[in-house]
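J.: Take a look at structure-v7.txt, compact mmCIF, N, CA and C atoms:
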# COMPACT_ATOMS: atom_id res chain seq x y z
N MET S 1 17.31 -8.88 9.46
CA MET S 1 16.17 -9.40 8.73
C MET S 1 15.04 -8.37 8.81
N SER S 2 14.45 -8.06 7.67
CA SER S 2 13.30 -7.15 7.61
C SER S 2 12.05 -7.96 7.34
N ARG S 3 10.93 -7.51 7.92
CA ARG S 3 9.65 -8.20 7.72
C ARG S 3 8.69 -7.24 7.03
N TYR S 4 8.00 -7.77 6.02
CA TYR S 4 7.07 -6.96 5.26
C TYR S 4 5.72 -7.65 5.15
N VAL S 5 4.66 -6.87 5.29
CA VAL S 5 3.31 -7.33 4.99
C VAL S 5 3.15 -7.12 3.48
N THR S 6 2.76 -8.16 2.76
CA THR S 6 2.66 -8.05 1.32
C THR S 6 1.20 -7.90 0.88
N PHE S 7 1.03 -7.28 -0.26
CA PHE S 7 -0.28 -7.15 -0.87
C PHE S 7 -0.10 -6.96 -2.37
N THR S 8 -1.18 -7.20 -3.11
CA THR S 8 -1.12 -7.05 -4.55
C THR S 8 -2.04 -5.92 -4.99
N ILE S 9 -1.59 -5.27 -6.05
CA ILE S 9 -2.39 -4.27 -6.74
C ILE S 9 -2.12 -4.51 -8.22
N ASP S 10 -3.18 -4.87 -8.95
CA ASP S 10 -3.07 -5.12 -10.38
C ASP S 10 -1.97 -6.16 -10.68
N ASP S 11 -1.93 -7.22 -9.92
CA ASP S 11 -1.00 -8.34 -10.08
C ASP S 11 0.46 -8.03 -9.72
N ALA S 12 0.77 -6.82 -9.29
CA ALA S 12 2.12 -6.51 -8.82
C ALA S 12 2.17 -6.72 -7.31
N LEU S 13 3.31 -7.18 -6.81
CA LEU S 13 3.48 -7.49 -5.39
C LEU S 13 4.19 -6.32 -4.69
N TYR S 14 3.55 -5.81 -3.64
CA TYR S 14 4.10 -4.71 -2.85
C TYR S 14 4.22 -5.16 -1.41
N GLY S 15 5.03 -4.43 -0.65
CA GLY S 15 5.18 -4.72 0.77
C GLY S 15 5.40 -3.45 1.56
N VAL S 16 4.98 -3.50 2.82
CA VAL S 16 5.25 -2.41 3.76
C VAL S 16 5.82 -3.02 5.03
N ASP S 17 6.66 -2.26 5.69
CA ASP S 17 7.29 -2.72 6.93
C ASP S 17 6.21 -3.15 7.92
N VAL S 18 6.36 -4.35 8.45
CA VAL S 18 5.35 -4.91 9.35
C VAL S 18 5.13 -4.04 10.59
N LEU S 19 6.15 -3.30 11.00
CA LEU S 19 6.02 -2.45 12.19
C LEU S 19 5.12 -1.25 11.94
N ARG S 20 4.85 -0.92 10.67
CA ARG S 20 3.97 0.20 10.34
C ARG S 20 2.51 -0.23 10.22
N VAL S 21 2.27 -1.55 10.17
CA VAL S 21 0.92 -2.05 9.91
C VAL S 21 0.17 -2.29 11.22
N GLN S 22 -1.02 -1.72 11.29
CA GLN S 22 -1.89 -1.91 12.44
C GLN S 22 -2.74 -3.16 12.24
N GLU S 23 -3.32 -3.30 11.04
CA GLU S 23 -4.15 -4.46 10.73
C GLU S 23 -4.49 -4.47 9.26
N ALA S 24 -5.04 -5.59 8.81
CA ALA S 24 -5.57 -5.72 7.46
C ALA S 24 -7.01 -6.19 7.59
N VAL S 25 -7.93 -5.49 6.94
CA VAL S 25 -9.35 -5.80 7.05
C VAL S 25 -10.01 -5.71 5.68
N GLN S 26 -11.16 -6.32 5.58
CA GLN S 26 -11.97 -6.23 4.37
C GLN S 26 -12.36 -4.76 4.16
N ALA S 27 -12.32 -4.31 2.91
CA ALA S 27 -12.69 -2.93 2.62
C ALA S 27 -14.13 -2.67 3.08
N GLN S 28 -14.34 -1.50 3.62
CA GLN S 28 -15.64 -1.13 4.16
C GLN S 28 -16.22 0.02 3.35
N ALA S 29 -17.51 0.26 3.58
CA ALA S 29 -18.16 1.40 2.94
C ALA S 29 -17.46 2.67 3.39
N ARG S 30 -17.22 3.54 2.43
CA ARG S 30 -16.51 4.78 2.72
C ARG S 30 -17.43 5.98 2.53
N THR S 31 -17.20 7.01 3.31
CA THR S 31 -17.89 8.27 3.15
C THR S 31 -17.02 9.16 2.28
N ARG S 32 -17.57 9.63 1.19
CA ARG S 32 -16.83 10.46 0.24
C ARG S 32 -16.44 11.78 0.90
N VAL S 33 -15.28 12.29 0.53
CA VAL S 33 -14.80 13.58 1.03
C VAL S 33 -14.94 14.58 -0.13
N PRO S 34 -15.85 15.55 -0.01
CA PRO S 34 -16.05 16.51 -1.10
C PRO S 34 -14.75 17.25 -1.44
N LEU S 35 -14.51 17.42 -2.72
CA LEU S 35 -13.35 18.16 -3.25
C LEU S 35 -12.01 17.52 -2.90
N ALA S 36 -12.01 16.27 -2.48
CA ALA S 36 -10.76 15.58 -2.15
C ALA S 36 -9.99 15.28 -3.43
N PRO S 37 -8.67 15.31 -3.37
CA PRO S 37 -7.88 14.98 -4.56
C PRO S 37 -8.05 13.51 -4.95
N GLU S 38 -7.73 13.23 -6.22
CA GLU S 38 -7.78 11.84 -6.68
C GLU S 38 -6.86 11.00 -5.80
N GLY S 39 -7.33 9.85 -5.42
CA GLY S 39 -6.55 8.98 -4.54
C GLY S 39 -7.13 8.91 -3.14
N ILE S 40 -7.89 9.94 -2.74
CA ILE S 40 -8.56 9.88 -1.45
C ILE S 40 -9.88 9.13 -1.69
N ALA S 41 -9.96 7.92 -1.17
CA ALA S 41 -11.13 7.08 -1.41
C ALA S 41 -12.26 7.39 -0.45
N GLY S 42 -11.98 8.11 0.63
CA GLY S 42 -13.00 8.48 1.58
C GLY S 42 -12.58 8.21 3.01
N LEU S 43 -13.57 8.25 3.89
CA LEU S 43 -13.34 8.01 5.32
C LEU S 43 -14.11 6.77 5.74
N VAL S 44 -13.51 5.98 6.63
CA VAL S 44 -14.19 4.81 7.18
C VAL S 44 -14.21 4.93 8.69
N ASN S 45 -15.22 4.28 9.28
CA ASN S 45 -15.32 4.21 10.73
C ASN S 45 -14.74 2.85 11.13
N LEU S 46 -13.59 2.87 11.74
CA LEU S 46 -12.91 1.65 12.15
C LEU S 46 -12.98 1.56 13.67
N ARG S 47 -13.97 0.81 14.16
CA ARG S 47 -14.21 0.65 15.59
C ARG S 47 -14.26 1.99 16.32
N GLY S 48 -15.06 2.91 15.77
CA GLY S 48 -15.27 4.20 16.40
C GLY S 48 -14.25 5.26 16.07
N GLN S 49 -13.24 4.93 15.28
CA GLN S 49 -12.23 5.91 14.90
C GLN S 49 -12.37 6.21 13.42
N VAL S 50 -12.40 7.49 13.06
CA VAL S 50 -12.51 7.89 11.66
C VAL S 50 -11.12 7.79 11.04
N VAL S 51 -11.03 7.01 9.94
CA VAL S 51 -9.75 6.73 9.30
C VAL S 51 -9.82 7.12 7.83
N LEU S 52 -8.84 7.88 7.37
CA LEU S 52 -8.72 8.26 5.97
C LEU S 52 -8.33 7.03 5.15
N THR S 53 -8.96 6.85 3.98
CA THR S 53 -8.61 5.74 3.10
C THR S 53 -8.00 6.29 1.82
N VAL S 54 -6.81 5.81 1.50
CA VAL S 54 -6.09 6.20 0.29
C VAL S 54 -6.13 5.03 -0.68
N ASP S 55 -6.62 5.28 -1.90
CA ASP S 55 -6.60 4.26 -2.94
C ASP S 55 -5.25 4.35 -3.63
N LEU S 56 -4.45 3.28 -3.54
CA LEU S 56 -3.11 3.30 -4.11
C LEU S 56 -3.10 3.22 -5.64
N ARG S 57 -4.19 2.78 -6.25
CA ARG S 57 -4.21 2.65 -7.72
C ARG S 57 -3.88 3.97 -8.43
N PRO S 58 -4.54 5.09 -8.11
CA PRO S 58 -4.18 6.34 -8.79
C PRO S 58 -2.74 6.77 -8.49
N ARG S 59 -2.27 6.53 -7.27
CA ARG S 59 -0.89 6.89 -6.90
C ARG S 59 0.11 6.11 -7.74
N LEU S 60 -0.27 4.88 -8.13
CA LEU S 60 0.61 4.03 -8.91
C LEU S 60 0.36 4.14 -10.41
N GLY S 61 -0.52 5.07 -10.80
CA GLY S 61 -0.81 5.27 -12.22
C GLY S 61 -1.64 4.17 -12.83
N LEU S 62 -2.46 3.50 -12.02
CA LEU S 62 -3.27 2.38 -12.50
C LEU S 62 -4.73 2.80 -12.62
N PRO S 63 -5.47 2.12 -13.50
CA PRO S 63 -6.91 2.43 -13.62
C PRO S 63 -7.65 2.01 -12.35
N ALA S 64 -8.83 2.58 -12.18
CA ALA S 64 -9.66 2.25 -11.02
C ALA S 64 -10.02 0.78 -11.04
N ALA S 65 -10.20 0.20 -9.87
CA ALA S 65 -10.63 -1.20 -9.75
C ALA S 65 -12.10 -1.28 -10.18
N PRO S 66 -12.52 -2.43 -10.68
CA PRO S 66 -13.94 -2.58 -11.01
C PRO S 66 -14.80 -2.30 -9.78
N ALA S 67 -15.98 -1.73 -10.01
CA ALA S 67 -16.88 -1.36 -8.91
C ALA S 67 -17.23 -2.54 -8.03
N ASP S 68 -17.28 -3.74 -8.59
CA ASP S 68 -17.67 -4.93 -7.82
C ASP S 68 -16.47 -5.68 -7.23
N ALA S 69 -15.27 -5.09 -7.34
CA ALA S 69 -14.06 -5.75 -6.83
C ALA S 69 -14.13 -5.90 -5.31
N ASP S 70 -13.69 -7.04 -4.82
CA ASP S 70 -13.66 -7.34 -3.38
C ASP S 70 -12.28 -6.94 -2.87
N ARG S 71 -12.14 -5.70 -2.40
CA ARG S 71 -10.82 -5.16 -2.04
C ARG S 71 -10.56 -5.26 -0.54
N MET S 72 -9.34 -4.95 -0.16
CA MET S 72 -8.91 -5.01 1.24
C MET S 72 -8.31 -3.66 1.63
N MET S 73 -8.22 -3.45 2.95
CA MET S 73 -7.56 -2.26 3.49
C MET S 73 -6.41 -2.70 4.38
N VAL S 74 -5.25 -2.11 4.17
CA VAL S 74 -4.11 -2.31 5.06
C VAL S 74 -4.01 -1.01 5.86
N VAL S 75 -4.25 -1.11 7.16
CA VAL S 75 -4.24 0.07 8.03
C VAL S 75 -2.82 0.24 8.55
N VAL S 76 -2.24 1.40 8.22
CA VAL S 76 -0.85 1.69 8.60
C VAL S 76 -0.81 2.96 9.44
N GLN S 77 0.28 3.16 10.12
CA GLN S 77 0.49 4.37 10.90
C GLN S 77 1.26 5.38 10.05
N VAL S 78 0.69 6.58 9.91
CA VAL S 78 1.34 7.68 9.19
C VAL S 78 1.27 8.90 10.10
N ASP S 79 2.41 9.39 10.50
CA ASP S 79 2.47 10.53 11.44
C ASP S 79 1.66 10.26 12.71
N GLY S 80 1.72 9.03 13.19
CA GLY S 80 1.05 8.67 14.43
C GLY S 80 -0.45 8.46 14.31
N GLU S 81 -0.98 8.54 13.11
CA GLU S 81 -2.42 8.38 12.87
C GLU S 81 -2.66 7.18 11.96
N PRO S 82 -3.75 6.44 12.18
CA PRO S 82 -4.05 5.34 11.28
C PRO S 82 -4.55 5.86 9.93
N THR S 83 -4.07 5.25 8.87
CA THR S 83 -4.50 5.54 7.50
C THR S 83 -4.68 4.20 6.82
N SER S 84 -5.79 4.03 6.10
CA SER S 84 -5.97 2.75 5.42
C SER S 84 -5.58 2.90 3.96
N LEU S 85 -4.84 1.91 3.49
CA LEU S 85 -4.43 1.84 2.09
C LEU S 85 -5.33 0.82 1.41
N LEU S 86 -6.02 1.23 0.38
CA LEU S 86 -6.92 0.35 -0.34
C LEU S 86 -6.10 -0.45 -1.35
N VAL S 87 -6.14 -1.78 -1.22
CA VAL S 87 -5.35 -2.67 -2.07
C VAL S 87 -6.27 -3.75 -2.65
N ASP S 88 -5.76 -4.50 -3.63
CA ASP S 88 -6.58 -5.55 -4.25
C ASP S 88 -6.69 -6.78 -3.37
N ALA S 89 -5.56 -7.21 -2.79
CA ALA S 89 -5.56 -8.41 -1.94
C ALA S 89 -4.37 -8.33 -1.00
N VAL S 90 -4.52 -8.90 0.19
CA VAL S 90 -3.44 -8.95 1.18
C VAL S 90 -2.80 -10.32 1.09
N GLY S 91 -1.47 -10.35 1.17
CA GLY S 91 -0.73 -11.60 1.09
C GLY S 91 -0.22 -12.03 2.46
N ASP S 92 1.05 -12.41 2.51
CA ASP S 92 1.67 -12.93 3.71
C ASP S 92 2.63 -11.91 4.31
N VAL S 93 3.12 -12.25 5.49
CA VAL S 93 4.25 -11.54 6.08
C VAL S 93 5.49 -12.31 5.67
N VAL S 94 6.45 -11.61 5.05
CA VAL S 94 7.66 -12.27 4.58
C VAL S 94 8.88 -11.67 5.25
N ASP S 95 9.89 -12.51 5.44
CA ASP S 95 11.17 -12.07 5.98
C ASP S 95 12.14 -11.91 4.81
N VAL S 96 12.86 -10.80 4.80
CA VAL S 96 13.81 -10.52 3.73
C VAL S 96 15.17 -10.22 4.36
N ALA S 97 16.16 -11.00 3.97
CA ALA S 97 17.52 -10.77 4.45
C ALA S 97 18.06 -9.48 3.81
N PRO S 98 18.87 -8.72 4.54
CA PRO S 98 19.37 -7.45 4.01
C PRO S 98 20.07 -7.57 2.66
N GLU S 99 20.78 -8.67 2.44
CA GLU S 99 21.50 -8.82 1.17
C GLU S 99 20.58 -9.04 -0.03
N ARG S 100 19.31 -9.37 0.22
CA ARG S 100 18.35 -9.57 -0.87
C ARG S 100 17.64 -8.28 -1.25
N PHE S 101 17.79 -7.25 -0.42
CA PHE S 101 17.13 -5.97 -0.65
C PHE S 101 18.02 -5.09 -1.52
N GLY S 102 17.42 -4.50 -2.55
CA GLY S 102 18.20 -3.64 -3.44
C GLY S 102 17.41 -2.42 -3.86
N PRO S 103 18.00 -1.60 -4.70
CA PRO S 103 17.31 -0.39 -5.15
C PRO S 103 16.14 -0.76 -6.08
N PRO S 104 15.23 0.18 -6.29
CA PRO S 104 14.13 -0.09 -7.23
C PRO S 104 14.71 -0.41 -8.61
N PRO S 105 14.04 -1.26 -9.38
CA PRO S 105 14.57 -1.61 -10.70
C PRO S 105 14.62 -0.41 -11.64
N ASP S 106 15.57 -0.42 -12.56
CA ASP S 106 15.71 0.66 -13.53
C ASP S 106 14.49 0.77 -14.43
N THR S 107 13.76 -0.32 -14.58
CA THR S 107 12.59 -0.34 -15.46
C THR S 107 11.36 0.33 -14.82
N LEU S 108 11.45 0.70 -13.56
CA LEU S 108 10.34 1.34 -12.86
C LEU S 108 10.09 2.73 -13.46
N ARG S 109 8.83 3.04 -13.72
CA ARG S 109 8.49 4.36 -14.29
C ARG S 109 8.99 5.46 -13.35
N PRO S 110 9.53 6.53 -13.90
CA PRO S 110 10.11 7.62 -13.07
C PRO S 110 9.14 8.19 -12.04
N GLU S 111 7.85 8.30 -12.39
CA GLU S 111 6.89 8.88 -11.45
C GLU S 111 6.62 7.97 -10.25
N LEU S 112 6.99 6.69 -10.36
CA LEU S 112 6.79 5.76 -9.25
C LEU S 112 7.99 5.71 -8.30
N ARG S 113 9.14 6.15 -8.76
CA ARG S 113 10.37 6.04 -7.96
C ARG S 113 10.25 6.61 -6.55
N PRO S 114 9.59 7.78 -6.35
CA PRO S 114 9.48 8.31 -4.99
C PRO S 114 8.64 7.42 -4.06
N LEU S 115 7.79 6.57 -4.63
CA LEU S 115 6.90 5.73 -3.82
C LEU S 115 7.54 4.41 -3.40
N ILE S 116 8.64 4.02 -4.05
CA ILE S 116 9.25 2.71 -3.83
C ILE S 116 10.60 2.86 -3.15
N ARG S 117 10.75 2.24 -1.97
CA ARG S 117 12.01 2.31 -1.21
C ARG S 117 13.05 1.35 -1.75
N GLY S 118 12.59 0.23 -2.30
CA GLY S 118 13.52 -0.76 -2.80
C GLY S 118 12.77 -1.97 -3.30
N ALA S 119 13.53 -3.00 -3.67
CA ALA S 119 12.92 -4.20 -4.23
C ALA S 119 13.73 -5.43 -3.84
N CYS S 120 13.07 -6.57 -3.87
CA CYS S 120 13.77 -7.84 -3.66
C CYS S 120 13.00 -8.95 -4.38
N ARG S 121 13.72 -9.98 -4.76
CA ARG S 121 13.15 -11.10 -5.47
C ARG S 121 12.67 -12.13 -4.46
N LEU S 122 11.39 -12.56 -4.59
CA LEU S 122 10.80 -13.56 -3.71
C LEU S 122 10.15 -14.65 -4.55
N ASP S 123 10.62 -15.84 -4.49
CA ASP S 123 10.00 -16.97 -5.18
C ASP S 123 9.63 -16.62 -6.62
N GLY S 124 10.56 -16.02 -7.34
CA GLY S 124 10.32 -15.71 -8.74
C GLY S 124 9.49 -14.47 -8.98
N ARG S 125 9.08 -13.77 -7.91
CA ARG S 125 8.33 -12.51 -8.05
C ARG S 125 9.14 -11.37 -7.48
N LEU S 126 8.88 -10.19 -7.98
CA LEU S 126 9.57 -9.01 -7.49
C LEU S 126 8.68 -8.32 -6.44
N LEU S 127 9.21 -8.14 -5.26
CA LEU S 127 8.52 -7.43 -4.19
C LEU S 127 9.01 -5.99 -4.19
N LEU S 128 8.08 -5.06 -4.41
CA LEU S 128 8.41 -3.63 -4.35
C LEU S 128 8.02 -3.11 -2.98
N VAL S 129 8.99 -2.58 -2.25
CA VAL S 129 8.74 -2.10 -0.90
C VAL S 129 8.29 -0.65 -0.98
N LEU S 130 7.08 -0.43 -0.50
CA LEU S 130 6.42 0.87 -0.60
C LEU S 130 6.88 1.80 0.51
N ASP S 131 7.12 3.06 0.16
CA ASP S 131 7.37 4.11 1.15
C ASP S 131 5.99 4.57 1.63
N VAL S 132 5.58 4.12 2.79
CA VAL S 132 4.23 4.35 3.30
C VAL S 132 3.94 5.85 3.41
N ASP S 133 4.87 6.62 3.94
CA ASP S 133 4.63 8.05 4.13
C ASP S 133 4.38 8.74 2.79
N GLU S 134 5.19 8.41 1.80
CA GLU S 134 5.03 9.03 0.48
C GLU S 134 3.75 8.56 -0.20
N ALA S 135 3.45 7.28 -0.10
CA ALA S 135 2.26 6.72 -0.76
C ALA S 135 0.97 7.26 -0.16
N ALA S 136 0.97 7.54 1.13
CA ALA S 136 -0.24 8.00 1.80
C ALA S 136 -0.45 9.50 1.66
N THR S 137 0.54 10.20 1.12
CA THR S 137 0.44 11.64 0.92
C THR S 137 -0.17 11.90 -0.46
N VAL S 138 -1.37 12.42 -0.46
CA VAL S 138 -2.04 12.72 -1.72
C VAL S 138 -2.29 14.22 -1.76
N ALA S 139 -1.69 14.86 -2.75
CA ALA S 139 -1.82 16.33 -2.86
C ALA S 139 -3.03 16.72 -3.68
Show me the file's structure as C-alpha cells.
T.:
Amino acid sequence: MSRYVTFTIDDALYGVDVLRVQEAVQAQARTRVPLAPEGIAGLVNLRGQVVLTVDLRPRLGLPAAPADADRMMVVVQVDGEPTSLLVDAVGDVVDVAPERFGPPPDTLRPELRPLIRGACRLDGRLLLVLDVDEAATVA
C-alpha cells in the first residue's frame, strides 16, 4: 500500500509520497530571488530555516494563480533539504493499493510526462503522482 499527500492545482488532483512530505502550511510571504528562472517563487523563512519555494503552475504549463489566491505550501524533502511546493489547496492523505497504480495516461501532454510517476483512479477522480525531484528542479 502506498500513501500520498494530495493537493490540487487548477482543479487537477496531484499526490506526493507521504514519506517525502515534511508539512503543509499556509503560503507565506516570499522574498524574490533576482534572476531566478520561472517557477522559483522565492524564499520563505520557515521557523528560522530559509526554504526555496517552487511554484508548480509554470512547471505544469498553467497560468499564474490570481494575485489574491489563498494558496498553500507542501514542504517536501529534495536532496535532504526542505523545498516548498506552492499549490492551490491541500487535500487528504490517501492509501493506494499497488494494483490501482498505473502509468501516466496517454492523454497527458508530452512535456508533463517527466513530472508524473503514475496515476490512479480515486472516487471518480484521477490522481497524478508527482515526481518530487523532477518537479522541484527548475532550470
J.: From (4.4, 10.1, 7.2), in the file's coordinates, out to 7 Å: which residues are reached, counting all atoms listed in the file? Answer as a list in words.
T.: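 Output of the proximity query reads Gln77, Val78, Asp79, Gly80, Val132, Asp133 and Glu134 of chain S.
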J.: Mind giving me the straight-line distance from atom N of Leu43 in chain S to atom C of Ile9 in chain S in Å, one decimal?
T.: 21.0 Å
J.: Near range 100-103 of chain S, counting all atoms listed in the file, which residues have an atom at most 6 Å away, once you skip same-chain residues fewer than 5 positions from it, shown as a PyMOL selection string?
T.: chain S and resi 117-121
J.: Near Thr31 in chain S, counting only N, CA and C atoms, which residues have an atom at most 6.5 Å away, once you skip same-chain residues fewer than 2 positions from it, shown as a ChimeraX atom specification?
T.: /S:29,33,41-44
J.: Restricting it to N, CA and C atoms, dump the selection as a short mmCIF file (atom, residue, chain, number, x, y, z; two decimals), in the coordinates of the input.
T.:
data_model
loop_
_atom_site.label_atom_id
_atom_site.label_comp_id
_atom_site.auth_asym_id
_atom_site.auth_seq_id
_atom_site.Cartn_x
_atom_site.Cartn_y
_atom_site.Cartn_z
N ALA S 29 -17.51 0.26 3.58
CA ALA S 29 -18.16 1.40 2.94
C ALA S 29 -17.46 2.67 3.39
N VAL S 33 -15.28 12.29 0.53
CA VAL S 33 -14.80 13.58 1.03
C VAL S 33 -14.94 14.58 -0.13
N ALA S 41 -9.96 7.92 -1.17
CA ALA S 41 -11.13 7.08 -1.41
C ALA S 41 -12.26 7.39 -0.45
N GLY S 42 -11.98 8.11 0.63
CA GLY S 42 -13.00 8.48 1.58
C GLY S 42 -12.58 8.21 3.01
N LEU S 43 -13.57 8.25 3.89
CA LEU S 43 -13.34 8.01 5.32
C LEU S 43 -14.11 6.77 5.74
N VAL S 44 -13.51 5.98 6.63
CA VAL S 44 -14.19 4.81 7.18
C VAL S 44 -14.21 4.93 8.69
#
J.: Which is closest to Pro82 in chain S among S:Ala136, S:Leu13, S:Ala69, S:Leu60, if we use only C-alpha atoms?
T.: S:Ala136
J.: Ranking S:Met73, S:Gln49, S:Val96, S:Arg59 by minimum distance to Ala24 in chain S and counting all atoms listed in the file, which one comes first?
T.: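 Distance minimum relative to Ala24 in chain S lands on S:Met73.
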J.: Do you have the CA of Leu115 in chain S-atom C of Leu130 in chain S distance handy?
T.: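 Computing it gives 5.8 Å between the two atoms.
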J.: Could you list, as a ChimeraX atom specification, every residue within 7 Å of Met72 in chain S, counting only C-alpha atoms and ignoring same-chain residues fewer than 6 positions away?
T.: /S:25-27,86-90
J.: I'd like the interatomic distance between CA of Asp55 in chain S and atom N of Pro105 in chain S, to a tenth of an Å.
T.: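 Calculated distance between CA of Asp55 in chain S and atom N of Pro105 in chain S is 22.3 Å.
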J.: Using all atoms listed in the file, can you list as a PyMOL selection string the residues within 7 Å of (6.8, -9.3, 9.1)?
T.: chain S and resi 2-5+17-19+92-95
J.: Write out the residues from the selection above, keeping N, CA and C atoms, as a CSV table (one decimal), in the frame of the given file.
T.:
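File part00.csv, as written:
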chain,number,residue,atom,x,y,z
S,2,SER,N,14.4,-8.1,7.7
S,2,SER,CA,13.3,-7.2,7.6
S,2,SER,C,12.0,-8.0,7.3
S,3,ARG,N,10.9,-7.5,7.9
S,3,ARG,CA,9.6,-8.2,7.7
S,3,ARG,C,8.7,-7.2,7.0
S,4,TYR,N,8.0,-7.8,6.0
S,4,TYR,CA,7.1,-7.0,5.3
S,4,TYR,C,5.7,-7.6,5.2
S,5,VAL,N,4.7,-6.9,5.3
S,5,VAL,CA,3.3,-7.3,5.0
S,5,VAL,C,3.2,-7.1,3.5
S,17,ASP,N,6.7,-2.3,5.7
S,17,ASP,CA,7.3,-2.7,6.9
S,17,ASP,C,6.2,-3.2,7.9
S,18,VAL,N,6.4,-4.4,8.4
S,18,VAL,CA,5.4,-4.9,9.4
S,18,VAL,C,5.1,-4.0,10.6
S,19,LEU,N,6.2,-3.3,11.0
S,19,LEU,CA,6.0,-2.4,12.2
S,19,LEU,C,5.1,-1.2,11.9
S,92,ASP,N,1.0,-12.4,2.5
S,92,ASP,CA,1.7,-12.9,3.7
S,92,ASP,C,2.6,-11.9,4.3
S,93,VAL,N,3.1,-12.2,5.5
S,93,VAL,CA,4.2,-11.5,6.1
S,93,VAL,C,5.5,-12.3,5.7
S,94,VAL,N,6.4,-11.6,5.0
S,94,VAL,CA,7.7,-12.3,4.6
S,94,VAL,C,8.9,-11.7,5.2
S,95,ASP,N,9.9,-12.5,5.4
S,95,ASP,CA,11.2,-12.1,6.0
S,95,ASP,C,12.1,-11.9,4.8
J.: Could you pull out the alpha helix (DSSP H) residues of chain S, going by DSSP on the backbone, and write them as a list in words?
T.: Leu56, Arg57, Pro58, Arg59, Val132, Asp133, Glu134, Ala135 and Ala136 of chain S
J.: Take the residues from that selection and write them out as a short mmCIF file (atom, residue, chain, number, x, y, z; two decimals), keeping the file's coordinate frame, keeping N, CA and C atoms.
T.:
data_model
loop_
_atom_site.label_atom_id
_atom_site.label_comp_id
_atom_site.auth_asym_id
_atom_site.auth_seq_id
_atom_site.Cartn_x
_atom_site.Cartn_y
_atom_site.Cartn_z
N LEU S 56 -4.45 3.28 -3.54
CA LEU S 56 -3.11 3.30 -4.11
C LEU S 56 -3.10 3.22 -5.64
N ARG S 57 -4.19 2.78 -6.25
CA ARG S 57 -4.21 2.65 -7.72
C ARG S 57 -3.88 3.97 -8.43
N PRO S 58 -4.54 5.09 -8.11
CA PRO S 58 -4.18 6.34 -8.79
C PRO S 58 -2.74 6.77 -8.49
N ARG S 59 -2.27 6.53 -7.27
CA ARG S 59 -0.89 6.89 -6.90
C ARG S 59 0.11 6.11 -7.74
N VAL S 132 5.58 4.12 2.79
CA VAL S 132 4.23 4.35 3.30
C VAL S 132 3.94 5.85 3.41
N ASP S 133 4.87 6.62 3.94
CA ASP S 133 4.63 8.05 4.13
C ASP S 133 4.38 8.74 2.79
N GLU S 134 5.19 8.41 1.80
CA GLU S 134 5.03 9.03 0.48
C GLU S 134 3.75 8.56 -0.20
N ALA S 135 3.45 7.28 -0.10
CA ALA S 135 2.26 6.72 -0.76
C ALA S 135 0.97 7.26 -0.16
N ALA S 136 0.97 7.54 1.13
CA ALA S 136 -0.24 8.00 1.80
C ALA S 136 -0.45 9.50 1.66
#
